[in-house]
file protein_29.cif (mmCIF, C-alpha atoms and all ligand atoms)
data_input
loop_
_atom_site.label_atom_id
_atom_site.label_comp_id
_atom_site.auth_asym_id
_atom_site.auth_seq_id
_atom_site.Cartn_x
_atom_site.Cartn_y
_atom_site.Cartn_z
CA MET A 1244 147.28 148.70 86.08
CA LEU A 1245 147.28 147.54 82.48
CA GLY A 1246 145.08 149.44 80.04
CA GLY A 1247 145.68 153.02 81.17
CA VAL A 1248 143.16 155.61 79.99
CA ALA A 1249 141.55 153.09 77.63
CA ASN A 1250 140.05 151.44 80.73
CA LEU A 1251 137.84 154.52 81.04
CA VAL A 1252 136.71 154.71 77.40
CA HIS A 1253 133.81 152.48 76.36
CA ARG A 1254 133.12 153.13 72.67
CA THR A 1255 135.11 154.61 69.82
CA LEU A 1256 133.55 157.01 67.37
CA GLU A 1257 133.22 154.13 64.93
CA GLY A 1258 131.28 152.15 67.58
CA ARG A 1259 133.99 149.65 68.53
CA ASP A 1260 133.89 148.19 72.03
CA VAL A 1261 137.06 149.56 73.68
CA GLN A 1262 136.77 147.36 76.79
CA ALA A 1263 136.70 144.22 74.63
CA LEU A 1264 139.77 145.51 72.77
CA VAL A 1265 141.61 146.16 76.05
CA ARG A 1266 140.68 142.74 77.45
CA ASP A 1267 141.84 141.07 74.25
CA LEU A 1268 145.15 142.96 74.23
CA ILE A 1269 145.80 142.22 77.92
CA GLN A 1270 145.09 138.55 77.31
CA LYS A 1271 147.48 138.55 74.33
CA ILE A 1272 150.38 140.25 76.10
CA THR A 1273 150.06 138.30 79.34
CA THR A 1274 150.12 134.98 77.50
CA HIS A 1275 152.68 135.89 74.83
CA ALA A 1276 155.87 133.85 75.09
CA ASN A 1277 158.11 136.85 74.31
CA ILE A 1278 156.47 139.31 76.72
CA GLN A 1279 156.93 139.46 80.48
CA VAL A 1280 154.56 141.84 82.24
CA ILE A 1281 155.76 143.43 85.48
CA THR A 1282 153.25 145.63 87.32
CA ASN A 1283 153.44 147.55 90.58
CA ALA A 1284 157.08 148.48 89.93
CA PHE A 1285 159.14 151.68 90.06
CA ILE A 1286 162.09 152.24 87.76
CA VAL A 1287 165.05 153.28 89.93
CA ASP A 1288 168.17 153.12 87.77
CA HIS A 1289 169.31 152.64 84.21
CA SER A 1290 172.62 152.11 82.42
CA GLY A 1291 174.12 150.71 79.25
CA MET A 1292 173.87 151.33 75.54
CA PRO A 1293 171.48 150.31 72.72
CA GLY A 1294 171.40 146.53 72.63
CA LEU A 1295 172.84 146.27 76.14
CA PHE A 1296 170.62 148.32 78.43
CA LYS A 1297 170.13 147.42 82.08
CA THR A 1298 167.19 148.84 84.02
CA GLY A 1299 166.69 148.40 87.75
CA MET A 1300 163.32 148.52 89.43
CA GLN A 1301 161.70 147.96 92.78
CA VAL A 1302 158.81 145.56 92.50
CA GLY A 1303 155.90 145.56 94.96
CA PRO A 1304 154.49 144.59 97.31
CA GLN A 1305 157.80 143.79 99.04
CA MET A 1306 159.64 146.31 96.84
CA PHE A 1307 162.53 143.97 96.14
CA TYR A 1308 165.16 145.12 93.65
CA ARG A 1309 165.22 143.53 90.22
CA GLN A 1310 167.33 144.32 87.16
CA ILE A 1311 166.41 143.46 83.59
CA SER A 1312 168.59 143.51 80.47
CA HIS A 1313 167.06 144.79 77.24
CA GLY A 1314 168.01 146.02 73.80
CA VAL A 1315 165.74 149.05 73.37
CA THR A 1316 163.50 151.12 75.63
CA ILE A 1317 159.98 152.13 74.62
CA LEU A 1318 158.33 154.75 76.83
CA ALA A 1319 154.54 154.29 76.90
CA THR A 1320 153.61 156.44 79.87
CA GLY A 1321 150.72 158.19 78.12
CA ALA A 1322 149.00 161.15 79.75
CA LEU A 1323 146.33 161.91 82.33
CA PRO A 1324 142.70 162.81 81.65
CA ASN A 1325 142.38 166.49 82.54
CA ARG A 1326 139.91 167.68 85.23
CA PRO A 1327 140.34 171.45 85.34
CA ASP A 1328 138.49 173.56 87.88
CA GLU A 1329 136.34 175.28 85.26
CA TYR A 1330 132.61 175.66 84.51
CA LEU A 1331 131.63 174.25 87.96
CA LEU A 1332 133.09 170.83 87.13
CA GLY A 1333 132.74 168.58 90.19
CA ARG A 1334 130.35 170.97 91.89
CA HIS A 1335 127.07 170.00 90.19
CA PRO A 1336 125.86 166.52 89.24
CA ALA A 1337 124.72 167.64 85.77
CA ILE A 1338 128.20 168.98 84.91
CA MET A 1339 130.70 166.30 83.89
CA THR A 1340 133.54 165.50 81.50
CA GLN A 1341 133.00 163.65 78.21
CA LEU A 1342 134.76 160.68 79.85
CA ASP A 1343 132.18 160.66 82.69
CA ALA A 1344 129.39 160.94 80.11
CA ASP A 1345 130.87 158.04 78.13
CA ALA A 1346 130.67 155.86 81.27
CA LEU A 1347 127.09 157.00 82.01
CA LEU A 1348 125.91 156.39 78.43
CA ALA A 1349 127.44 152.90 78.49
CA GLY A 1350 126.77 151.86 82.09
CA THR A 1351 123.70 153.65 83.46
CA PRO A 1352 121.53 154.68 80.51
CA SER A 1353 118.65 155.39 82.91
CA ARG A 1354 120.54 158.52 84.04
CA THR A 1355 120.80 159.84 80.48
CA GLU A 1356 117.44 158.90 78.98
CA HIS A 1357 115.75 162.07 80.21
CA TRP A 1358 118.40 164.33 78.68
CA GLN A 1359 116.50 166.68 76.37
CA ASP A 1360 118.86 169.66 76.17
CA VAL A 1361 122.57 168.95 76.35
CA VAL A 1362 125.38 171.48 75.99
CA MET A 1363 128.98 170.51 75.26
CA ILE A 1364 131.86 172.95 75.68
CA GLN A 1365 135.05 172.14 73.77
CA CYS A 1366 138.68 172.91 74.62
CA VAL A 1367 138.05 173.13 78.38
CA GLY A 1368 141.47 173.32 80.03
CA SER A 1369 143.21 172.98 76.64
CA ARG A 1370 144.57 175.48 74.12
CA GLN A 1371 145.07 178.07 76.80
CA PRO A 1372 148.25 179.50 78.33
CA ASP A 1373 148.65 176.89 81.10
CA ASN A 1374 148.00 173.98 78.65
CA PRO A 1375 148.47 175.19 75.06
CA ASN A 1376 148.05 171.73 73.49
CA CYS A 1377 145.13 170.34 71.55
CA SER A 1378 144.36 166.89 72.96
CA ARG A 1379 143.20 165.67 69.54
CA VAL A 1380 140.56 163.28 70.88
CA CYS A 1381 137.93 165.45 72.56
CA CYS A 1382 136.27 166.77 69.38
CA GLN A 1383 135.65 163.24 68.12
CA THR A 1384 134.51 162.24 71.63
CA ALA A 1385 131.99 165.09 71.65
CA ILE A 1386 130.63 163.94 68.26
CA LYS A 1387 130.56 160.34 69.50
CA ASN A 1388 128.58 161.24 72.64
CA ALA A 1389 126.26 163.59 70.70
CA LEU A 1390 125.43 160.74 68.32
CA ARG A 1391 124.78 158.34 71.21
CA ILE A 1392 122.49 160.87 72.94
CA LEU A 1393 120.62 161.48 69.65
CA ASP A 1394 120.33 157.72 69.03
CA LYS A 1395 118.69 157.27 72.44
CA ASN A 1396 116.46 160.31 72.06
CA PRO A 1397 116.13 161.70 68.51
CA GLU A 1398 114.16 164.65 69.90
CA ALA A 1399 117.07 165.78 72.08
CA GLN A 1400 118.82 169.06 71.34
CA VAL A 1401 122.63 168.89 71.58
CA TRP A 1402 124.60 172.11 71.44
CA VAL A 1403 128.35 171.90 70.78
CA LEU A 1404 130.21 175.12 71.60
CA TYR A 1405 133.58 174.90 69.90
CA ARG A 1406 136.64 176.93 68.96
CA ASP A 1407 137.44 174.55 66.06
CA MET A 1408 135.95 171.13 65.42
CA ARG A 1409 139.02 168.96 64.86
CA THR A 1410 137.61 165.77 63.46
CA TYR A 1411 140.54 164.24 61.62
CA GLY A 1412 140.27 162.35 58.35
CA PHE A 1413 137.09 160.34 57.95
CA GLN A 1414 135.83 161.43 61.38
CA GLU A 1415 134.40 164.40 59.50
CA ASP A 1416 131.66 162.06 58.23
CA TYR A 1417 130.45 161.56 61.82
CA TYR A 1418 130.40 165.31 62.35
CA ARG A 1419 128.12 165.63 59.30
CA LEU A 1420 125.97 162.75 60.58
CA ALA A 1421 125.57 164.45 63.96
CA ARG A 1422 124.55 167.67 62.20
CA GLU A 1423 122.02 165.77 60.09
CA LYS A 1424 120.58 164.14 63.20
CA GLY A 1425 119.96 167.54 64.71
CA SER A 1426 122.94 168.58 66.82
CA SER A 1427 123.79 172.28 66.64
CA SER A 1428 127.33 173.58 66.60
CA CYS A 1429 128.16 177.09 67.58
CA ALA A 1430 131.59 178.72 67.41
CA MET A 1431 132.94 180.55 70.41
CA THR A 1432 136.09 182.56 71.00
CA ARG A 1433 138.51 182.51 73.89
CA LYS A 1434 137.67 186.13 74.54
CA GLN A 1435 133.97 185.34 74.92
CA PRO A 1436 133.71 181.99 76.70
CA PRO A 1437 130.26 180.71 77.67
CA ARG A 1438 128.95 181.49 81.14
CA VAL A 1439 127.56 178.67 83.28
CA GLN A 1440 125.16 178.89 86.20
CA ALA A 1441 123.68 175.98 88.12
CA GLU A 1442 119.96 176.28 88.86
CA GLY A 1443 118.43 173.37 90.76
CA HIS A 1444 118.81 170.19 88.71
CA ARG A 1445 119.51 172.09 85.52
CA VAL A 1446 122.39 174.18 84.25
CA SER A 1447 122.03 177.45 82.45
CA VAL A 1448 124.62 178.15 79.73
CA SER A 1449 124.83 181.61 78.12
CA PHE A 1450 126.86 182.29 75.00
CA THR A 1451 126.85 184.53 71.95
CA ASP A 1452 125.94 182.98 68.61
CA PRO A 1453 128.38 184.58 66.13
CA ILE A 1454 126.05 183.99 63.15
CA LEU A 1455 122.96 185.42 64.78
CA GLY A 1456 125.13 187.96 66.59
CA ARG A 1457 122.85 187.52 69.60
CA PRO A 1458 123.29 186.14 73.10
CA LEU A 1459 121.55 182.81 73.68
CA VAL A 1460 120.72 181.00 76.91
CA VAL A 1461 120.20 177.21 77.03
CA ASP A 1462 118.72 175.55 80.12
CA ALA A 1463 120.47 172.21 79.88
CA ASP A 1464 119.85 168.86 81.54
CA ALA A 1465 123.55 168.11 81.23
CA LEU A 1466 126.71 170.07 80.51
CA LEU A 1467 129.51 167.92 79.06
CA LEU A 1468 133.03 169.39 79.12
CA SER A 1469 135.64 168.26 76.61
CA THR A 1470 138.64 168.33 78.90
CA GLY A 1471 141.27 166.29 77.02
CA PHE A 1472 144.66 165.36 78.44
CA VAL A 1473 147.46 166.82 80.52
CA SER A 1474 150.92 165.32 80.80
CA ASP A 1475 151.80 163.17 83.80
CA ASP A 1476 154.45 165.67 84.83
CA GLU A 1477 155.65 163.85 87.95
CA SER A 1478 156.10 160.54 86.16
CA THR A 1479 157.84 161.93 83.07
CA GLU A 1480 160.14 164.09 85.22
CA ASP A 1481 161.36 161.05 87.19
CA LEU A 1482 161.78 158.89 84.10
CA ALA A 1483 163.51 161.68 82.13
CA ALA A 1484 166.05 162.03 84.95
CA ILE A 1485 166.68 158.27 85.17
CA PHE A 1486 166.82 157.63 81.40
CA LYS A 1487 168.44 160.99 80.58
CA VAL A 1488 165.96 161.83 77.84
CA PRO A 1489 164.62 165.34 77.10
CA ARG A 1490 161.10 166.61 77.86
CA THR A 1491 159.04 169.45 76.46
CA THR A 1492 158.25 172.42 78.69
CA ASP A 1493 154.76 170.99 79.22
CA GLY A 1494 155.98 167.66 80.54
CA TYR A 1495 155.86 165.31 77.52
CA PHE A 1496 158.88 163.38 76.27
CA LEU A 1497 160.43 165.27 73.38
CA GLU A 1498 160.58 163.33 70.13
CA ASP A 1499 163.69 163.65 67.98
CA HIS A 1500 161.83 165.35 65.14
CA VAL A 1501 158.17 166.22 65.28
CA LYS A 1502 157.49 165.09 61.69
CA LEU A 1503 160.44 162.95 60.56
CA ARG A 1504 161.10 160.92 63.71
CA PRO A 1505 157.95 161.23 65.83
CA VAL A 1506 158.47 157.99 67.77
CA ASP A 1507 162.25 158.26 68.26
CA LEU A 1508 163.83 160.06 71.18
CA SER A 1509 167.12 161.85 70.67
CA ARG A 1510 168.90 159.20 72.79
CA PRO A 1511 169.67 156.15 70.62
CA GLY A 1512 167.68 153.07 71.55
CA PHE A 1513 164.79 155.05 73.09
CA PHE A 1514 161.35 155.25 71.48
CA LEU A 1515 157.87 156.54 72.29
CA ALA A 1516 154.85 154.28 71.96
CA GLU A 1517 151.98 156.21 70.43
CA PRO A 1518 152.75 159.35 72.38
CA PRO A 1519 149.53 161.03 73.46
CA THR A 1520 151.19 164.37 73.13
CA PRO A 1521 149.48 166.73 70.76
CA LEU A 1522 152.94 167.41 69.42
CA CYS A 1523 152.84 164.06 67.68
CA PRO A 1524 151.60 164.84 64.18
CA SER A 1525 150.34 161.38 63.42
CA GLY A 1526 147.63 161.58 66.03
CA LYS A 1527 146.60 158.88 68.43
CA ARG A 1528 143.97 156.34 67.68
CA LEU A 1529 143.04 153.09 69.26
CA PRO A 1530 144.08 150.44 66.76
CA ARG A 1531 141.66 149.52 64.03
CA PRO A 1532 141.20 145.88 63.14
CA ARG A 1533 144.04 144.91 60.87
CA ARG A 1534 143.34 143.03 57.69
CA ARG A 1535 145.62 140.02 57.80
CA ARG A 1536 147.37 139.41 54.52
CA PRO A 1537 148.13 135.87 53.48
CA GLY A 1538 151.72 134.72 54.04
CA PRO A 1539 154.18 134.14 51.20
CA ASP A 1540 152.94 131.75 48.55
CA PRO A 1541 155.08 128.57 48.81
CA ALA A 1542 154.56 128.04 45.07
CA GLN A 1543 156.38 131.32 44.33
CA PRO A 1544 160.16 131.15 43.87
CA ARG A 1545 162.15 132.54 46.82
CA PRO A 1546 163.83 135.89 46.20
CA ASP A 1547 167.26 134.28 46.25
CA GLN A 1548 166.24 131.82 43.54
CA PRO A 1549 166.45 132.64 39.84
CA GLY A 1550 163.08 134.01 38.76
CA GLY A 1551 162.29 135.54 42.16
CA VAL A 1552 159.80 138.42 41.91
CA ARG A 1553 161.49 141.77 41.72
CA GLY A 1554 159.80 145.01 42.65
CA PRO A 1555 160.83 148.39 41.28
CA GLY A 1556 164.40 149.40 42.05
CA GLY A 1557 165.45 145.87 42.86
CA LEU A 1558 163.28 145.61 46.00
CA GLN A 1559 161.34 142.47 46.74
CA LYS A 1560 157.67 142.99 47.55
CA MET A 1561 157.08 143.61 51.25
CA ARG A 1562 156.11 140.40 52.97
CA ARG A 1563 154.55 139.92 56.35
CA LEU A 1564 156.78 138.41 59.04
CA PRO A 1565 155.50 136.63 62.17
CA ASP A 1566 154.15 138.95 64.89
CA LEU A 1567 156.67 139.73 67.62
CA CYS A 1568 154.27 141.81 69.64
CA PRO A 1569 150.45 142.01 69.41
CA GLY A 1570 150.48 145.79 68.97
CA LEU A 1571 153.03 145.87 66.15
CA SER A 1572 153.06 144.64 62.62
CA LEU A 1573 156.37 143.73 61.08
CA ARG A 1574 156.92 143.48 57.37
CA GLY A 1575 160.16 142.72 55.65
CA SER A 1576 161.76 142.32 52.31
CA LEU A 1577 165.07 141.07 51.07
CA TYR A 1578 166.86 143.94 49.44
CA GLN A 1579 168.76 143.05 46.28
CA ARG A 1580 171.88 145.06 46.82
CA GLY A 1581 173.68 142.94 44.21
CA ARG A 1582 171.57 144.57 41.52
CA VAL A 1583 172.72 147.99 42.60
CA PHE A 1584 176.26 146.85 41.95
CA GLY A 1585 175.45 145.88 38.36
CA ASP A 1586 174.47 142.21 38.30
CA ARG A 1587 173.64 141.01 34.81
CA PRO A 1588 169.95 140.07 34.13
CA GLY A 1589 169.29 136.49 35.12
CA GLN A 1590 172.31 136.33 37.40
CA VAL A 1591 171.49 135.46 41.01
CA PRO A 1592 172.48 138.46 43.14
CA ARG A 1593 175.11 137.63 45.73
CA LEU A 1594 174.70 140.56 48.06
CA TRP A 1595 171.52 140.90 50.11
CA GLY A 1596 170.18 143.35 52.63
CA LEU A 1597 167.07 143.16 54.80
CA ARG A 1598 164.58 145.97 54.88
CA LEU A 1599 162.18 145.97 57.84
CA ARG A 1600 159.07 148.03 58.23
CA VAL A 1601 157.59 148.18 61.73
CA SER A 1602 154.10 149.63 62.05
CA GLY A 1603 152.18 150.17 65.23
CA GLN A 1604 149.22 152.34 66.14
CA GLY A 1605 149.53 154.75 63.28
CA HIS A 1606 153.34 155.01 63.10
CA THR A 1607 155.61 153.34 60.62
CA THR A 1608 159.36 153.23 60.70
CA ASP A 1609 161.79 151.65 58.21
CA ALA A 1610 165.17 150.12 58.91
CA VAL A 1611 167.59 148.75 56.32
C1 LIG B 1 137.52 161.13 76.70
C2 LIG B 1 138.46 160.34 75.85
C3 LIG B 1 137.97 159.67 74.75
C4 LIG B 1 138.81 158.96 73.92
N1 LIG B 1 138.28 158.34 72.84
C5 LIG B 1 139.09 157.72 71.98
C6 LIG B 1 138.58 157.09 70.81
O1 LIG B 1 137.36 157.07 70.58
N2 LIG B 1 139.45 156.52 69.94
C7 LIG B 1 140.78 156.55 70.19
O2 LIG B 1 141.52 156.02 69.36
N3 LIG B 1 141.31 157.09 71.30
C8 LIG B 1 140.48 157.70 72.20
N4 LIG B 1 141.01 158.27 73.31
C9 LIG B 1 142.47 158.26 73.47
C10 LIG B 1 142.96 156.95 74.06
O3 LIG B 1 142.30 156.67 75.27
C11 LIG B 1 144.44 157.11 74.32
O4 LIG B 1 145.08 157.45 73.12
C12 LIG B 1 145.06 155.83 74.78
O5 LIG B 1 144.38 155.35 75.91
C13 LIG B 1 146.52 156.10 75.13
O6 LIG B 1 147.07 154.89 75.57
P1 LIG B 1 148.55 154.83 76.11
O7 LIG B 1 148.77 153.43 76.56
O8 LIG B 1 149.49 155.43 75.14
O9 LIG B 1 148.60 155.82 77.38
P2 LIG B 1 147.79 155.72 78.75
O10 LIG B 1 146.44 155.17 78.54
O11 LIG B 1 147.89 157.08 79.38
O12 LIG B 1 148.59 154.66 79.62
C14 LIG B 1 149.87 154.95 80.15
C15 LIG B 1 150.14 153.95 81.28
O13 LIG B 1 151.46 154.14 81.74
C16 LIG B 1 151.46 154.12 83.15
N5 LIG B 1 152.62 154.88 83.65
C17 LIG B 1 152.81 156.21 83.58
N6 LIG B 1 153.99 156.53 84.15
C18 LIG B 1 154.55 155.38 84.57
C19 LIG B 1 155.79 155.06 85.23
N7 LIG B 1 156.67 155.99 85.57
N8 LIG B 1 156.04 153.76 85.53
C20 LIG B 1 155.14 152.80 85.19
N9 LIG B 1 153.96 153.05 84.56
C21 LIG B 1 153.68 154.32 84.26
C22 LIG B 1 150.14 154.74 83.53
O14 LIG B 1 149.77 154.37 84.84
C23 LIG B 1 149.21 154.13 82.48
O15 LIG B 1 148.72 152.90 82.89
C24 LIG B 1 140.19 158.93 74.19
C25 LIG B 1 140.70 159.57 75.33
C26 LIG B 1 139.85 160.27 76.15
C27 LIG B 1 140.39 160.97 77.38
S1 LIG B 2 140.44 167.99 70.25
FE1 LIG B 2 138.93 169.62 69.97
S2 LIG B 2 138.17 170.05 72.05
FE2 LIG B 2 140.06 168.90 72.28
S3 LIG B 2 141.61 170.49 72.54
FE3 LIG B 2 141.56 169.93 70.35
S4 LIG B 2 140.16 171.40 69.40
FE4 LIG B 2 139.84 171.49 71.64
#
call {"tool": "encode", "arguments": {"input": "protein_29.cif", "output": "structure tokens", "more": "lines below"}}
Ligand SMILES: Cc1cc2nc3c(=O)[nH]c(=O)nc-3n(C[C@H](O)[C@H](O)[C@H](O)COP(=O)(O)OP(=O)(O)OC[C@H]3O[C@@H](n4cnc5c(N)ncnc54)[C@H](O)[C@@H]3O)c2cc1C
Ligand code: SF4
result
Amino acid sequence: MLGGVANLVHRTLEGRDVQALVRDLIQKITTHANIQVITNAFIVDHSGMPGLFKTGMQVGPQMFYRQISHGVTILATGALPNRPDEYLLGRHPAIMTQLDADALLAGTPSRTEHWQDVVMIQCVGSRQPDNPNCSRVCCQTAIKNALRILDKNPEAQVWVLYRDMRTYGFQEDYYRLAREKGSSSCAMTRKQPPRVQAEGHRVSVSFTDPILGRPLVVDADALLLSTGFVSDDESTEDLAAIFKVPRTTDGYFLEDHVKLRPVDLSRPGFFLAEPPTPLCPSGKRLPRPRRRRPGPDPAQPRPDQPGGVRGPGGLQKMRRLPDLCPGLSLRGSLYQRGRVFGDRPGQVPRLWGLRLRVSGQGHTTDAV
């Protein structure tokens, strides 16, 4: 099914409508002349080299065999929302994940209007020996849901029990806003996790406040667990065997270099699309609206004409090229290699290169 985990998320921290974004993107890719969407298919074999790959698949419902030829392979298999068996999750209606709460707050507000005391526990099923990763989205999701609860009921009391609040970049502003609106944050340690007991319709959460140095008990109307992601181990194992690409010990595809080549795999021609692995340093964000820059001014001389605009070091200014894919932006510039070889001022350079910059969902890669 197209959309993946984003089908389950309703609002971003900034208040954007995720379902509208997903619908728009699906509409764009299914109608794009250069994109063919194949669903309900299993990859079964793969061969070739960069530029000349061949991938075989069985396509449902009849499961007939089909082979496609392609130049590069981008793995966009994402990850699975985690549902660990912790803090009575799934055993009491008032205990749910942040993803469940997101759906309730968007779809059935009547079930959340009475929430007066809400406790959130962070890092549930993450940053522990069996899943050492930080999912990177659950802190901002907790802040997002706290703000929505406080918007509906400014008198509500929201407790966030955290190990660290990882609100990246400008998300910190929303953390401050939630504090100003009355949410309380309380640090906890792995050695002293909160204790949860279900009592009738309510849930009792006990924890030690490190500032007060005293145990506290909150009788909550709802307990929201920030459960993050786990890798889709089965899927990545099959694909890694077919494509012969490496995986991490926790089941994510292993990028070539965690900082320098975070979207490249070590096998040439293989890339990751916005890997939801916490190992990816650039983080994962649903795309923000892009400001479209105007195209090249036809009145300006072309770079290969005398008087063409030169940037520093002989590079033309980056110019936007037509979109190849709705999720990517492609910019390019003609690269005046002739200047490097000592062209005299005013002389039209004879040797040109093309520099491309491909940006998508927070990653940028350059090719010359
Ligand atoms: C609670 C929560 C809140 C979030 N809030 C935000 C937010 O506010 N802002 C934000 O930017 N992000 C947020 N995120 C993160 C965001 O949802 C993800 O980053 C995004 O959905 C990842 O998209 P993806 O396409 O990379 O992966 P996925 O959504 O995981 O999609 C991967 C797709 O690949 C398919 N697939 C897997 N294996 C195979 C295979 N072998 N063959 C064929 N198909 C396969 C899967 O079925 C799935 O459809 C949130 C996530 C959660 C859990
Ligand atoms: S994003 Fe926050 S809650 Fe999620 S694993 Fe990281 S620190 Fe824990």
call {"tool": "residues_around", "arguments": {"input": "protein_29.cif", "residues": "Gly1512 in chain A", "least_positions_apart": "5", "cutoff": "7 Å", "atoms": "all atoms listed in the file", "output": "VMD selection string"}}
result
chain A and resid 1293 1315 to 1316
call {"tool": "residues_near_ligand", "arguments": {"input": "protein_29.cif", "ligand": "ligand LIG 2 (chain B)", "cutoff": "10 Å", "atoms": "only C-alpha atoms and all ligand atoms", "output": "PyMOL selection string"}}
result
chain A and resi 1363-1371+1374-1385+1404-1411+1468-1472+1521
call {"tool": "residues_near_ligand", "arguments": {"input": "protein_29.cif", "ligand": "ligand LIG 1 (chain B)", "cutoff": "8 Å", "atoms": "all atoms listed in the file", "output": "ChimeraX atom specification"}}
result
/A:1244-1252,1254-1257,1282-1286,1319-1325,1340-1342,1345,1380-1381,1383-1384,1387,1469-1472,1475,1478-1479,1481-1482,1516-1519,1527-1530
call {"tool": "atom_distance", "arguments": {"input": "protein_29.cif", "atom1": "CA of Glu1415 in chain A", "atom2": "CA of Thr1355 in chain A"}}
result
25.4 Å
call {"tool": "closest_residue", "arguments": {"input": "protein_29.cif", "among": "A:Gly1494, A:Val1488, A:Gly1303, A:Lys1424", "to": "Phe1514 in chain A", "atoms": "all atoms listed in the file"}}
result
A:Val1488
call {"tool": "closest_residue", "arguments": {"input": "protein_29.cif", "among": "A:Gln1435, A:Gln1440, A:Gln1359, A:Asn1388", "to": "Gln1400 in chain A", "atoms": "only C-alpha atoms"}}
result
A:Gln1359
call {"tool": "atom_distance", "arguments": {"input": "protein_29.cif", "atom1": "CA of Gln1301 in chain A", "atom2": "CA of Ile1269 in chain A"}}
result
22.5 Å
call {"tool": "atom_distance", "arguments": {"input": "protein_29.cif", "atom1": "CA of His1335 in chain A", "atom2": "CA of Ala1463 in chain A"}}
result
12.4 Å
call {"tool": "residues_around", "arguments": {"input": "protein_29.cif", "residues": "Ser1426 in chain A", "least_positions_apart": "6", "cutoff": "10 Å", "atoms": "only C-alpha atoms", "output": "list in words"}}
result
Val1361, Val1362, Ile1386, Ala1389, Leu1390, Ile1392, Leu1393, Pro1397, Ala1399, Gln1400, Val1401, Trp1402, Val1403, Tyr1418, Arg1419 and Leu1420 of chain A
